[in-house]
$ cat run.tsv   # TSV, C-alpha atoms and all ligand atoms
chain	number	residue	atom	x	y	z
A	793	MET	CA	100.97	108.38	120.08
A	794	VAL	CA	102.65	105.76	122.22
A	795	VAL	CA	106.26	106.59	122.93
A	796	ALA	CA	108.82	104.37	121.32
A	797	ALA	CA	110.03	102.66	124.48
A	798	GLN	CA	106.56	101.33	125.31
A	799	LYS	CA	105.75	100.09	121.85
A	800	ARG	CA	105.27	96.40	121.29
A	801	ASP	CA	107.28	94.62	118.67
A	802	TYR	CA	105.38	94.71	115.36
A	803	TYR	CA	105.97	91.02	114.68
A	804	GLU	CA	104.65	90.21	118.13
A	805	VAL	CA	101.58	92.41	117.52
A	806	LEU	CA	100.70	90.39	114.42
A	807	GLY	CA	101.84	87.07	115.89
A	808	LEU	CA	104.46	86.59	113.20
A	809	ALA	CA	107.94	85.16	112.95
A	810	ARG	CA	110.57	87.63	111.77
A	811	GLU	CA	111.01	85.75	108.51
A	812	ALA	CA	107.27	85.93	107.69
A	813	THR	CA	106.44	86.24	103.99
A	814	PRO	CA	104.48	89.23	102.65
A	815	ASP	CA	101.49	86.95	102.23
A	816	GLU	CA	101.69	85.79	105.84
A	817	ILE	CA	101.88	89.41	106.98
A	818	LYS	CA	98.78	90.24	104.99
A	819	LYS	CA	96.87	87.29	106.35
A	820	ALA	CA	97.91	88.00	109.92
A	821	TYR	CA	96.77	91.60	109.67
A	822	ARG	CA	93.44	90.66	108.12
A	823	ARG	CA	92.92	88.22	110.97
A	824	ALA	CA	93.88	90.76	113.62
A	825	ALA	CA	91.76	93.52	112.08
A	826	HIS	CA	88.67	91.37	112.08
A	827	LYS	CA	89.32	90.07	115.57
A	828	HIS	CA	89.85	93.52	117.09
A	829	HIS	CA	87.35	95.40	114.96
A	830	PRO	CA	85.60	97.80	117.35
A	831	ASP	CA	82.18	96.84	115.90
A	832	ARG	CA	82.73	93.28	117.02
A	833	ASN	CA	84.04	94.28	120.42
A	834	ALA	CA	81.52	96.90	121.45
A	835	SER	CA	81.92	96.03	125.14
A	836	ASP	CA	85.73	96.16	125.06
A	837	PRO	CA	87.06	99.71	124.84
A	838	SER	CA	90.63	98.50	124.29
A	839	ALA	CA	89.74	96.80	121.00
A	840	GLU	CA	90.15	99.98	118.98
A	841	GLY	CA	93.67	100.45	120.32
A	842	ARG	CA	94.60	96.90	119.37
A	843	PHE	CA	93.05	97.36	115.94
A	844	LYS	CA	95.15	100.48	115.40
A	845	GLU	CA	98.27	98.83	116.76
A	846	ALA	CA	97.84	96.00	114.26
A	847	SER	CA	97.25	98.53	111.46
A	848	GLU	CA	100.43	100.39	112.36
A	849	ALA	CA	102.39	97.14	112.42
A	850	TYR	CA	100.98	96.18	109.05
A	851	GLU	CA	101.81	99.51	107.46
A	852	VAL	CA	105.46	99.12	108.47
A	853	LEU	CA	105.87	95.41	107.74
A	854	SER	CA	103.98	95.40	104.44
A	855	ASP	CA	106.43	97.77	102.78
A	856	PRO	CA	109.81	96.09	102.16
A	857	ALA	CA	111.67	99.38	102.66
A	858	THR	CA	110.16	100.29	106.04
A	859	ARG	CA	110.27	96.64	107.10
A	860	GLN	CA	114.01	96.54	106.47
A	861	ARG	CA	114.52	99.72	108.48
A	862	TYR	CA	112.40	98.31	111.29
A	863	ASP	CA	114.31	95.01	111.24
A	864	GLN	CA	117.59	96.90	111.47
A	865	PHE	CA	116.79	99.72	113.86
A	866	GLY	CA	113.46	98.83	115.51
A	867	HIS	CA	110.85	101.52	116.15
A	868	ALA	CA	113.44	104.26	115.96
A	869	GLY	CA	114.21	103.23	112.37
A	870	VAL	CA	110.73	104.02	111.08
A	871	GLY	CA	110.15	107.30	112.91
A	872	GLY	CA	109.58	110.07	110.41
A	873	ALA	CA	109.24	107.61	107.54
A	874	GLY	CA	106.02	109.31	106.46
A	875	LEU	CA	103.84	106.69	108.11
A	876	HIS	CA	100.34	107.34	109.34
A	877	ASP	CA	99.55	108.24	112.90
A	878	PHE	CA	96.78	105.72	113.40
A	879	SER	CA	95.96	106.95	116.89
A	880	HIS	CA	94.32	109.97	115.29
A	881	MET	CA	92.55	108.10	112.52
A	882	GLY	CA	89.02	106.76	112.49
A	883	VAL	CA	88.54	103.04	112.07
A	884	GLU	CA	86.66	103.68	108.83
A	885	ASP	CA	89.59	105.62	107.41
A	886	ILE	CA	91.97	102.81	108.24
A	887	PHE	CA	89.71	100.33	106.46
A	888	SER	CA	89.57	102.47	103.36
A	889	MET	CA	93.35	102.91	103.47
A	890	PHE	CA	94.11	99.22	103.17
A	891	THR	CA	91.74	98.44	100.34
A	892	ASP	CA	94.05	95.67	99.12
A	893	ILE	CA	93.35	93.89	102.38
A	894	PHE	CA	89.68	94.56	102.90
A	895	GLY	CA	88.45	94.95	99.34
A	896	GLY	CA	86.63	97.92	97.90
A	897	GLY	CA	83.84	97.72	100.44
A	898	GLY	CA	86.27	98.30	103.26
A	899	GLY	CA	84.84	95.35	105.14
A	900	ARG	CA	81.94	97.47	106.34
A	901	ARG	CA	79.14	96.07	104.28
A	902	ARG	CA	77.79	93.46	106.61
A	903	GLY	CA	74.54	94.19	108.38
A	904	ARG	CA	73.84	97.29	106.36
A	905	GLY	CA	71.79	95.85	103.53
A	906	GLY	CA	72.89	98.31	100.84
A	907	THR	CA	75.41	97.77	98.10
A	908	ASP	CA	78.65	99.73	97.92
A	909	LEU	CA	79.77	101.24	94.65
A	910	GLN	CA	83.14	102.46	93.55
A	911	THR	CA	84.36	105.08	91.17
A	912	GLU	CA	87.64	106.76	90.35
A	913	VAL	CA	88.87	110.31	90.26
A	914	THR	CA	92.15	111.45	88.77
A	915	LEU	CA	94.06	114.29	90.42
A	916	THR	CA	97.19	116.21	89.55
A	917	LEU	CA	99.97	116.65	92.10
A	918	ALA	CA	98.87	120.29	92.39
A	919	ASP	CA	95.40	119.04	93.42
A	920	VAL	CA	97.03	116.81	96.02
A	921	ALA	CA	98.87	119.84	97.42
A	922	THR	CA	95.72	121.87	97.96
A	923	GLY	CA	92.99	119.27	98.24
A	924	ALA	CA	90.30	119.25	95.60
A	925	GLU	CA	86.59	119.18	95.04
A	926	ARG	CA	85.28	117.13	92.17
A	927	SER	CA	81.86	116.61	90.72
A	928	ILE	CA	81.42	112.94	89.91
A	929	GLU	CA	78.76	111.39	87.74
A	930	PHE	CA	78.05	107.72	88.14
A	931	GLN	CA	75.31	105.19	87.44
A	932	ARG	CA	73.43	103.43	90.15
A	933	ARG	CA	70.39	101.25	90.60
A	934	ASP	CA	67.95	103.35	92.55
A	935	PHE	CA	64.36	103.45	93.66
A	936	CYS	CA	62.12	103.66	90.60
A	937	GLY	CA	60.73	107.17	90.25
A	938	THR	CA	57.46	105.96	88.74
A	939	CYS	CA	56.41	103.61	91.52
A	940	GLY	CA	58.59	104.98	94.32
A	941	GLY	CA	60.35	101.63	94.62
A	942	GLN	CA	57.15	99.69	95.33
A	943	GLY	CA	57.17	97.87	92.00
A	944	ALA	CA	53.42	98.29	91.50
A	945	ALA	CA	52.04	100.29	88.56
A	946	PRO	CA	50.61	103.66	89.68
A	947	GLY	CA	46.99	103.17	90.69
A	948	SER	CA	47.34	99.45	91.15
A	949	ARG	CA	47.48	97.89	94.53
A	950	LYS	CA	49.64	95.43	96.29
A	951	ARG	CA	47.91	92.52	97.86
A	952	ALA	CA	49.07	90.37	100.69
A	953	CYS	CA	51.02	87.37	99.51
A	954	SER	CA	48.77	84.32	99.56
A	955	THR	CA	51.65	81.92	100.20
A	956	CYS	CA	52.81	83.47	103.45
A	957	GLY	CA	49.68	85.43	104.31
A	958	GLY	CA	51.65	88.66	104.29
A	959	TYR	CA	54.22	87.60	106.87
A	960	GLY	CA	57.07	87.41	104.38
A	961	GLN	CA	58.34	84.23	106.01
A	962	VAL	CA	57.26	80.64	105.83
A	963	GLU	CA	57.91	77.59	107.93
A	964	GLN	CA	59.37	74.69	106.04
A	965	SER	CA	60.52	71.31	107.10
A	966	GLY	CA	64.28	71.03	107.32
A	967	GLY	CA	66.34	68.75	105.11
A	968	PHE	CA	66.19	64.92	105.18
A	969	GLY	CA	62.46	64.64	105.59
A	970	GLY	CA	62.18	66.95	108.54
A	971	LEU	CA	65.13	65.40	110.33
A	972	PHE	CA	66.33	68.86	111.24
A	973	GLY	CA	62.92	70.03	112.33
A	974	ARG	CA	61.06	73.02	111.01
A	975	VAL	CA	62.93	76.05	109.71
A	976	ILE	CA	61.75	79.60	109.08
A	977	THR	CA	62.79	81.04	105.71
A	978	ASP	CA	61.91	84.00	103.52
A	979	CYS	CA	58.75	83.28	101.57
A	980	PRO	CA	59.78	82.06	98.09
A	981	ALA	CA	56.65	83.48	96.44
A	982	CYS	CA	57.11	87.11	97.52
A	983	ARG	CA	60.82	86.88	98.36
A	984	GLY	CA	60.18	87.97	101.91
A	985	ARG	CA	58.23	91.11	101.06
A	986	GLY	CA	54.91	89.83	102.26
A	987	SER	CA	53.05	91.38	99.36
A	988	MET	CA	52.46	90.62	95.71
A	989	ILE	CA	52.07	93.12	92.91
A	990	GLU	CA	48.86	93.01	90.89
A	991	THR	CA	50.11	95.09	87.97
A	992	PRO	CA	53.87	95.56	87.75
A	993	CYS	CA	55.17	99.09	87.26
A	994	PRO	CA	55.96	99.52	83.55
A	995	ALA	CA	59.08	101.60	84.23
A	996	CYS	CA	60.88	99.03	86.36
A	997	ARG	CA	58.89	95.91	85.39
A	998	GLY	CA	57.97	95.37	89.00
A	999	SER	CA	61.49	95.37	90.42
A	1000	GLY	CA	61.10	98.78	92.06
A	1001	ARG	CA	64.58	99.78	90.87
A	1002	THR	CA	65.86	101.60	87.81
A	1003	THR	CA	69.36	102.62	86.80
A	1004	ALA	CA	69.86	106.34	86.92
A	1005	SER	CA	72.77	108.64	86.68
A	1006	ARG	CA	73.72	110.67	89.72
A	1007	VAL	CA	76.07	113.56	90.28
A	1008	VAL	CA	77.74	114.12	93.64
A	1009	ASN	CA	80.46	116.42	94.88
A	1010	VAL	CA	83.41	114.83	96.59
A	1011	GLN	CA	85.90	116.67	98.76
A	1012	ILE	CA	89.34	115.14	98.47
A	1013	PRO	CA	91.70	116.02	101.31
A	1014	ALA	CA	95.15	117.44	100.62
A	1015	GLY	CA	97.94	114.90	100.85
A	1016	ILE	CA	95.88	111.92	99.69
A	1017	HIS	CA	97.80	109.06	98.11
A	1018	GLU	CA	97.27	107.04	94.97
A	1019	GLY	CA	94.87	104.17	95.63
A	1020	GLN	CA	93.27	105.68	98.72
A	1021	ALA	CA	89.53	106.20	98.68
A	1022	VAL	CA	87.15	108.82	99.95
A	1023	ARG	CA	83.91	107.33	101.20
A	1024	LEU	CA	80.61	109.02	100.47
A	1025	ARG	CA	78.29	107.48	102.96
A	1026	GLY	CA	74.86	106.51	101.70
A	1027	GLU	CA	75.63	107.20	98.03
A	1028	GLY	CA	75.64	103.54	97.07
A	1029	GLU	CA	72.67	101.41	96.08
A	1030	PRO	CA	69.74	100.53	98.33
A	1031	GLY	CA	69.47	96.94	99.47
A	1032	GLU	CA	66.61	94.59	98.80
A	1033	ASP	CA	64.48	95.89	101.64
A	1034	GLY	CA	65.25	99.50	100.76
A	1035	SER	CA	66.08	100.49	104.33
A	1036	HIS	CA	69.81	101.16	103.84
A	1037	ARG	CA	72.00	102.45	101.11
A	1038	GLY	CA	75.56	101.35	100.61
A	1039	ASP	CA	78.42	103.81	100.23
A	1040	LEU	CA	80.25	105.19	97.24
A	1041	HIS	CA	84.02	104.73	97.39
A	1042	CYS	CA	85.85	107.22	95.31
A	1043	TYR	CA	89.34	105.92	94.55
A	1044	VAL	CA	92.08	108.41	93.84
A	1045	ARG	CA	94.47	108.12	90.92
A	1046	ILE	CA	97.25	110.65	90.54
A	1047	ALA	CA	98.40	111.71	87.10
A	1048	PRO	CA	102.15	111.81	86.53
A	1049	HIS	CA	103.79	115.25	86.58
A	1050	PRO	CA	106.20	116.05	83.75
A	1051	PHE	CA	109.06	116.97	86.12
A	1052	LEU	CA	108.13	116.03	89.66
A	1053	GLU	CA	107.97	112.58	91.13
A	1054	ARG	CA	106.23	111.87	94.39
A	1055	HIS	CA	108.09	110.07	97.16
A	1056	ASP	CA	105.59	109.96	100.00
A	1057	ASN	CA	105.23	113.67	100.85
A	1058	ASP	CA	108.44	114.75	99.17
A	1059	LEU	CA	108.76	115.64	95.51
A	1060	VAL	CA	111.83	114.66	93.56
A	1061	CYS	CA	113.06	116.63	90.55
A	1062	ARG	CA	116.08	115.79	88.41
A	1063	MET	CA	117.73	118.97	87.22
A	1064	PRO	CA	120.43	119.13	84.55
A	1065	VAL	CA	123.08	121.83	85.12
A	1066	SER	CA	126.19	122.65	83.17
A	1067	PHE	CA	129.57	121.57	84.55
A	1068	THR	CA	130.53	125.22	84.97
A	1069	GLN	CA	127.40	125.92	87.04
A	1070	ALA	CA	128.20	122.90	89.21
A	1071	ALA	CA	131.83	123.93	89.60
A	1072	LEU	CA	131.35	127.65	90.14
A	1073	GLY	CA	127.91	127.68	91.76
A	1074	ALA	CA	124.78	129.22	90.29
A	1075	LYS	CA	121.20	130.22	90.86
A	1076	VAL	CA	118.84	128.21	88.67
A	1077	GLU	CA	115.09	127.93	88.30
A	1078	VAL	CA	113.62	124.51	88.96
A	1079	PRO	CA	110.08	123.30	88.31
A	1080	SER	CA	107.91	123.28	91.43
A	1081	LEU	CA	104.27	122.50	92.10
A	1082	THR	CA	103.31	126.14	91.85
A	1083	GLY	CA	105.39	126.76	88.71
A	1084	LYS	CA	109.02	127.38	89.47
A	1085	ALA	CA	111.32	127.94	92.39
A	1086	GLU	CA	114.80	129.38	92.69
A	1087	LEU	CA	117.53	126.97	93.68
A	1088	LYS	CA	121.03	127.91	94.74
A	1089	ILE	CA	123.67	125.49	93.52
A	1090	PRO	CA	126.71	125.80	95.76
A	1091	PRO	CA	130.16	125.87	94.13
A	1092	GLY	CA	131.64	122.40	93.81
A	1093	THR	CA	128.32	120.56	93.58
A	1094	GLN	CA	128.84	116.97	92.48
A	1095	HIS	CA	126.87	115.00	89.92
A	1096	GLY	CA	123.95	113.23	91.59
A	1097	HIS	CA	124.01	115.47	94.65
A	1098	VAL	CA	120.58	116.14	96.18
A	1099	LEU	CA	119.59	119.66	97.22
A	1100	ARG	CA	116.56	120.32	99.38
A	1101	LEU	CA	113.92	122.98	98.94
A	1102	ALA	CA	112.28	122.84	102.36
A	1103	GLY	CA	108.50	122.90	102.48
A	1104	LEU	CA	107.94	122.72	98.73
A	1105	GLY	CA	106.63	119.17	98.88
A	1106	LEU	CA	103.14	117.86	99.59
A	1107	PRO	CA	101.22	118.17	102.86
A	1108	SER	CA	100.84	115.10	105.03
A	1109	LEU	CA	97.30	113.74	104.88
A	1110	ARG	CA	97.13	113.55	108.68
A	1111	SER	CA	99.33	116.30	110.08
A	1112	GLY	CA	99.24	118.75	107.16
A	1113	ARG	CA	102.99	119.21	107.56
A	1114	ARG	CA	104.63	119.77	104.21
A	1115	GLY	CA	107.34	117.61	102.73
A	1116	ASP	CA	110.28	119.01	100.75
A	1117	GLU	CA	111.24	119.20	97.12
A	1118	LEU	CA	114.43	117.26	96.54
A	1119	VAL	CA	116.43	118.35	93.54
A	1120	GLN	CA	118.97	115.92	92.20
A	1121	VAL	CA	121.67	117.69	90.25
A	1122	LEU	CA	122.68	116.08	86.97
A	1123	VAL	CA	125.93	117.60	85.77
A	1124	GLU	CA	126.11	117.70	82.00
A	1125	ILE	CA	129.38	117.61	80.14
A	1126	PRO	CA	129.27	119.63	76.89
A	1127	LYS	CA	129.19	117.45	73.80
A	1128	LYS	CA	130.41	120.27	71.59
A	1129	MET	CA	132.54	123.29	72.39
A	1130	ASN	CA	133.58	126.11	70.14
A	1131	LYS	CA	137.23	126.81	69.58
A	1132	ALA	CA	137.43	129.57	72.18
A	1133	GLN	CA	135.81	127.39	74.85
A	1134	GLU	CA	138.10	124.49	74.07
A	1135	THR	CA	141.15	126.73	74.28
A	1136	LEU	CA	140.06	128.04	77.65
A	1137	LEU	CA	139.38	124.57	78.95
A	1138	ARG	CA	142.76	123.39	77.80
A	1139	GLU	CA	144.31	126.30	79.64
A	1140	PHE	CA	142.41	125.20	82.70
A	1141	ALA	CA	143.49	121.61	82.20
A	1142	LYS	CA	147.14	122.70	82.18
A	1143	THR	CA	146.66	123.95	85.73
A	1144	GLU	CA	145.53	120.50	86.80
A	1145	ASP	CA	148.03	117.77	87.41
A	1146	ARG	CA	146.30	115.39	85.03
A	1147	SER	CA	146.92	114.22	81.54
A	1148	VAL	CA	144.44	115.32	78.89
A	1149	MET	CA	143.84	113.72	75.51
A	1150	PRO	CA	145.89	115.29	72.76
A	1151	GLU	CA	143.85	117.68	70.73
A	1152	SER	CA	142.93	115.81	67.61
A	1153	LYS	CA	143.61	112.21	68.31
A	1154	GLY	CA	140.52	110.21	67.43
A	1155	PHE	CA	139.13	107.31	69.36
A	1156	PHE	CA	140.44	104.72	66.92
A	1157	ASP	CA	143.94	106.16	67.03
A	1158	ARG	CA	143.79	105.94	70.79
A	1159	LEU	CA	142.43	102.43	70.64
A	1160	MET	CA	145.20	101.34	68.28
A	1161	ASP	CA	147.75	102.91	70.61
A	1162	TYR	CA	146.27	100.95	73.47
A	1163	LEU	CA	146.06	97.63	71.65
A	1164	GLY	CA	149.46	97.99	70.05
A	1165	GLY	CA	150.98	99.37	73.24
A	1166	GLY	CA	152.44	96.07	74.39
A	1167	GLU	CA	154.30	95.34	71.14
A	1168	LYS	CA	155.99	98.65	70.71
A	1201	ZN	ZN	58.66	101.22	89.11
A	1202	ZN	ZN	54.92	85.55	100.59

$ encode --input "run.tsv" --output "structure tokens"
Amino acid sequence: MVVAAQKRDYYEVLGLAREATPDEIKKAYRRAAHKHHPDRNASDPSAEGRFKEASEAYEVLSDPATRQRYDQFGHAGVGGAGLHDFSHMGVEDIFSMFTDIFGGGGGRRRGRGGTDLQTEVTLTLADVATGAERSIEFQRRDFCGTCGGQGAAPGSRKRACSTCGGYGQVEQSGGFGGLFGRVITDCPACRGRGSMIETPCPACRGSGRTTASRVVNVQIPAGIHEGQAVRLRGEGEPGEDGSHRGDLHCYVRIAPHPFLERHDNDLVCRMPVSFTQAALGAKVEVPSLTGKAELKIPPGTQHGHVLRLAGLGLPSLRSGRRGDELVQVLVEIPKKMNKAQETLLREFAKTEDRSVMPESKGFFDRLMDYLGGGEK
């Protein structure tokens, strides 16, 4: 990790003005990511660093909350904001993180021939805490089992394509009557395969591909976030020439928890307590990811106050360090009291230097008092 003092300004990294719109930020990052992609800069070892620097800048500037903190306080303002440490991440992981920018294929499809597929898996927050393994069934177009992907019926032969003589490519004159000279293209008769099928395979009708269902196991790391994807390399569909398979991208959805709300790696719980518990202090049980946890409410706790249960949050995807559970105390005022309680409370009220409503005066009486107050 680069220390704060040496870090470049995020706007400068992405070549943006400080008033850039979210759309401009997105476009600038997409541009930078493609420009500095290590695959495109194989001879330049510093490209990966610039790619990661741009990714870090984008993560901060694309979120209005972190952007505001950065605008106000600079790099120091976003330290510890639960952001990723890109210096320890692989380029592939960064691509799959920003799927809104690069699309489901993560921008890695070119030159590979295969087709990427995507599927979804739904986790609970408890799964996120521990990591999870899921068995996923999905459909994909695959090599035909009957003909082994050749497209020819078993026992029949392939013959060399008569149009291209088995080369798979033909020379054609360019457009405008040969104005652009001769061009080499895939043979239209055999679509570049170089061979023709005498009797098509009945199972795949000569295409060499059938749709089949497949089951794979996917390991989902602890701390993963909604919308992130785990890539299963080579579990996609084979390309036309059959030499490469695409990848399967397994997108994570996280089911809502009845009591806990995720805020990055922290969990937030809203806990009602009685006004006596808040005033006098209490030990209460609060829902936690593993069931329940004990929370000490100090005497004099105010409505809305947030108490922290350290380490009861979710682990960070990168560092594994756990967030906290934040319990917001909601002080409830009793709607009904029995006679004894009311008497006690009135006794208490007498000790306070405040006026209390008379015992039985209804709202409308009070309202009439108020409205008529000026005339009396
Ligand atoms: Zn077949
Ligand atoms: Zn041909």

$ residues_around --input "run.tsv" --residues "region 1120-1129 of chain A" --least-positions-apart "6" --cutoff "8 Å" --atoms "all atoms listed in the file" --output "VMD selection string"
chain A and resid 1060 to 1067 1070 1093 to 1099

$ closest_residue --input "run.tsv" --among "A:Ala849, A:Ala839, A:Cys956, A:Cys939" --to "ligand ZN 1202 (chain A)" --atoms "all atoms listed in the file"
A:Cys956

$ residues_near_ligand --input "run.tsv" --ligand "ligand ZN 1201 (chain A)" --cutoff "7 Å" --atoms "all atoms listed in the file" --output "NGL selection string"
:A and (936-945 or 993-1001)

$ write_last_selection --input "run.tsv" --atoms "C-alpha atoms" --output "compact mmCIF listing (two decimals), in the coordinates of the input"
# COMPACT_ATOMS: atom_id res chain seq x y z
CA CYS A 936 62.12 103.66 90.60
CA GLY A 937 60.73 107.17 90.25
CA THR A 938 57.46 105.96 88.74
CA CYS A 939 56.41 103.61 91.52
CA GLY A 940 58.59 104.98 94.32
CA GLY A 941 60.35 101.63 94.62
CA GLN A 942 57.15 99.69 95.33
CA GLY A 943 57.17 97.87 92.00
CA ALA A 944 53.42 98.29 91.50
CA ALA A 945 52.04 100.29 88.56
CA CYS A 993 55.17 99.09 87.26
CA PRO A 994 55.96 99.52 83.55
CA ALA A 995 59.08 101.60 84.23
CA CYS A 996 60.88 99.03 86.36
CA ARG A 997 58.89 95.91 85.39
CA GLY A 998 57.97 95.37 89.00
CA SER A 999 61.49 95.37 90.42
CA GLY A 1000 61.10 98.78 92.06
CA ARG A 1001 64.58 99.78 90.87

$ residues_near_ligand --input "run.tsv" --ligand "ligand ZN 1202 (chain A)" --cutoff "9 Å" --atoms "all atoms listed in the file" --output "NGL selection string"
:A and (952-962 or 978-988)

$ atom_distance --input "run.tsv" --atom1 "CA of Arg932 (chain A)" --atom2 "CA of Gly906 (chain A)"
11.9 Å

$ closest_residue --input "run.tsv" --among "A:Pro1090, A:Pro830, A:Pro1048, A:Pro837" --to "Leu915 (chain A)" --atoms "all atoms listed in the file"
A:Pro1048

$ closest_residue --input "run.tsv" --among "A:Arg951, A:Arg810, A:Lys818, A:Arg926" --to "Ser854 (chain A)" --atoms "only C-alpha atoms"
A:Lys818

$ closest_residue --input "run.tsv" --among "A:Glu1134, A:Glu1027, A:Asp863, A:Asp1116" --to "Glu1053 (chain A)" --atoms "all atoms listed in the file"
A:Asp1116

$ residues_near_point --input "run.tsv" --point "(109.0, 94.1, 121.5)" --cutoff "12 Å" --atoms "all atoms listed in the file" --output "NGL selection string"
:A and (796-807 or 810 or 849 or 862-863 or 866-867)

$ closest_residue --input "run.tsv" --among "A:Leu1106, A:Gly1028, A:Ala1085, A:Cys1042" --to "Asp1056 (chain A)" --atoms "only C-alpha atoms"
A:Leu1106

$ atom_distance --input "run.tsv" --atom1 "CA of Gln910 (chain A)" --atom2 "CA of Ser1111 (chain A)"
27.0 Å

$ residues_near_point --input "run.tsv" --point "(116.8, 127.7, 88.3)" --cutoff "10 Å" --atoms "only C-alpha atoms" --output "ChimeraX atom specification"
/A:1063,1065,1074-1079,1084-1089

$ write_last_selection --input "run.tsv" --atoms "C-alpha atoms" --output "PDB file, keeping the file's coordinate frame"
ATOM      1  CA  MET A1063     117.730 118.970  87.220  1.00  0.00           C
ATOM      2  CA  VAL A1065     123.080 121.830  85.120  1.00  0.00           C
ATOM      3  CA  ALA A1074     124.780 129.220  90.290  1.00  0.00           C
ATOM      4  CA  LYS A1075     121.200 130.220  90.860  1.00  0.00           C
ATOM      5  CA  VAL A1076     118.840 128.210  88.670  1.00  0.00           C
ATOM      6  CA  GLU A1077     115.090 127.930  88.300  1.00  0.00           C
ATOM      7  CA  VAL A1078     113.620 124.510  88.960  1.00  0.00           C
ATOM      8  CA  PRO A1079     110.080 123.300  88.310  1.00  0.00           C
ATOM      9  CA  LYS A1084     109.020 127.380  89.470  1.00  0.00           C
ATOM     10  CA  ALA A1085     111.320 127.940  92.390  1.00  0.00           C
ATOM     11  CA  GLU A1086     114.800 129.380  92.690  1.00  0.00           C
ATOM     12  CA  LEU A1087     117.530 126.970  93.680  1.00  0.00           C
ATOM     13  CA  LYS A1088     121.030 127.910  94.740  1.00  0.00           C
ATOM     14  CA  ILE A1089     123.670 125.490  93.520  1.00  0.00           C
TER      15      ILE A1089
END

$ atom_distance --input "run.tsv" --atom1 "CA of Leu1040 (chain A)" --atom2 "CA of Gly923 (chain A)"
19.0 Å

$ residues_around --input "run.tsv" --residues "Leu909 (chain A)" --least-positions-apart "5" --cutoff "12 Å" --atoms "all atoms listed in the file" --output "list of chain:residue names"
A:Gly895, A:Gly896, A:Gly897, A:Gly898, A:Arg901, A:Phe930, A:Gln931, A:Arg932, A:Arg933, A:Ala1021, A:Val1022, A:Arg1023, A:Leu1024, A:Arg1025, A:Gly1026, A:Glu1027, A:Gly1028, A:Glu1029, A:Pro1030, A:Arg1037, A:Gly1038, A:Asp1039, A:Leu1040, A:His1041, A:Cys1042, A:Tyr1043

$ closest_residue --input "run.tsv" --among "A:Thr1002, A:Thr914, A:Thr922, A:Thr991" --to "Gly1112 (chain A)" --atoms "only C-alpha atoms"
A:Thr922

$ residues_around --input "run.tsv" --residues "Leu1137 (chain A)" --least-positions-apart "4" --cutoff "12 Å" --atoms "all atoms listed in the file" --output "MDAnalysis selection string"
chainID A and resid 1067:1068 1126 1129:1133 1141:1144 1148 1151
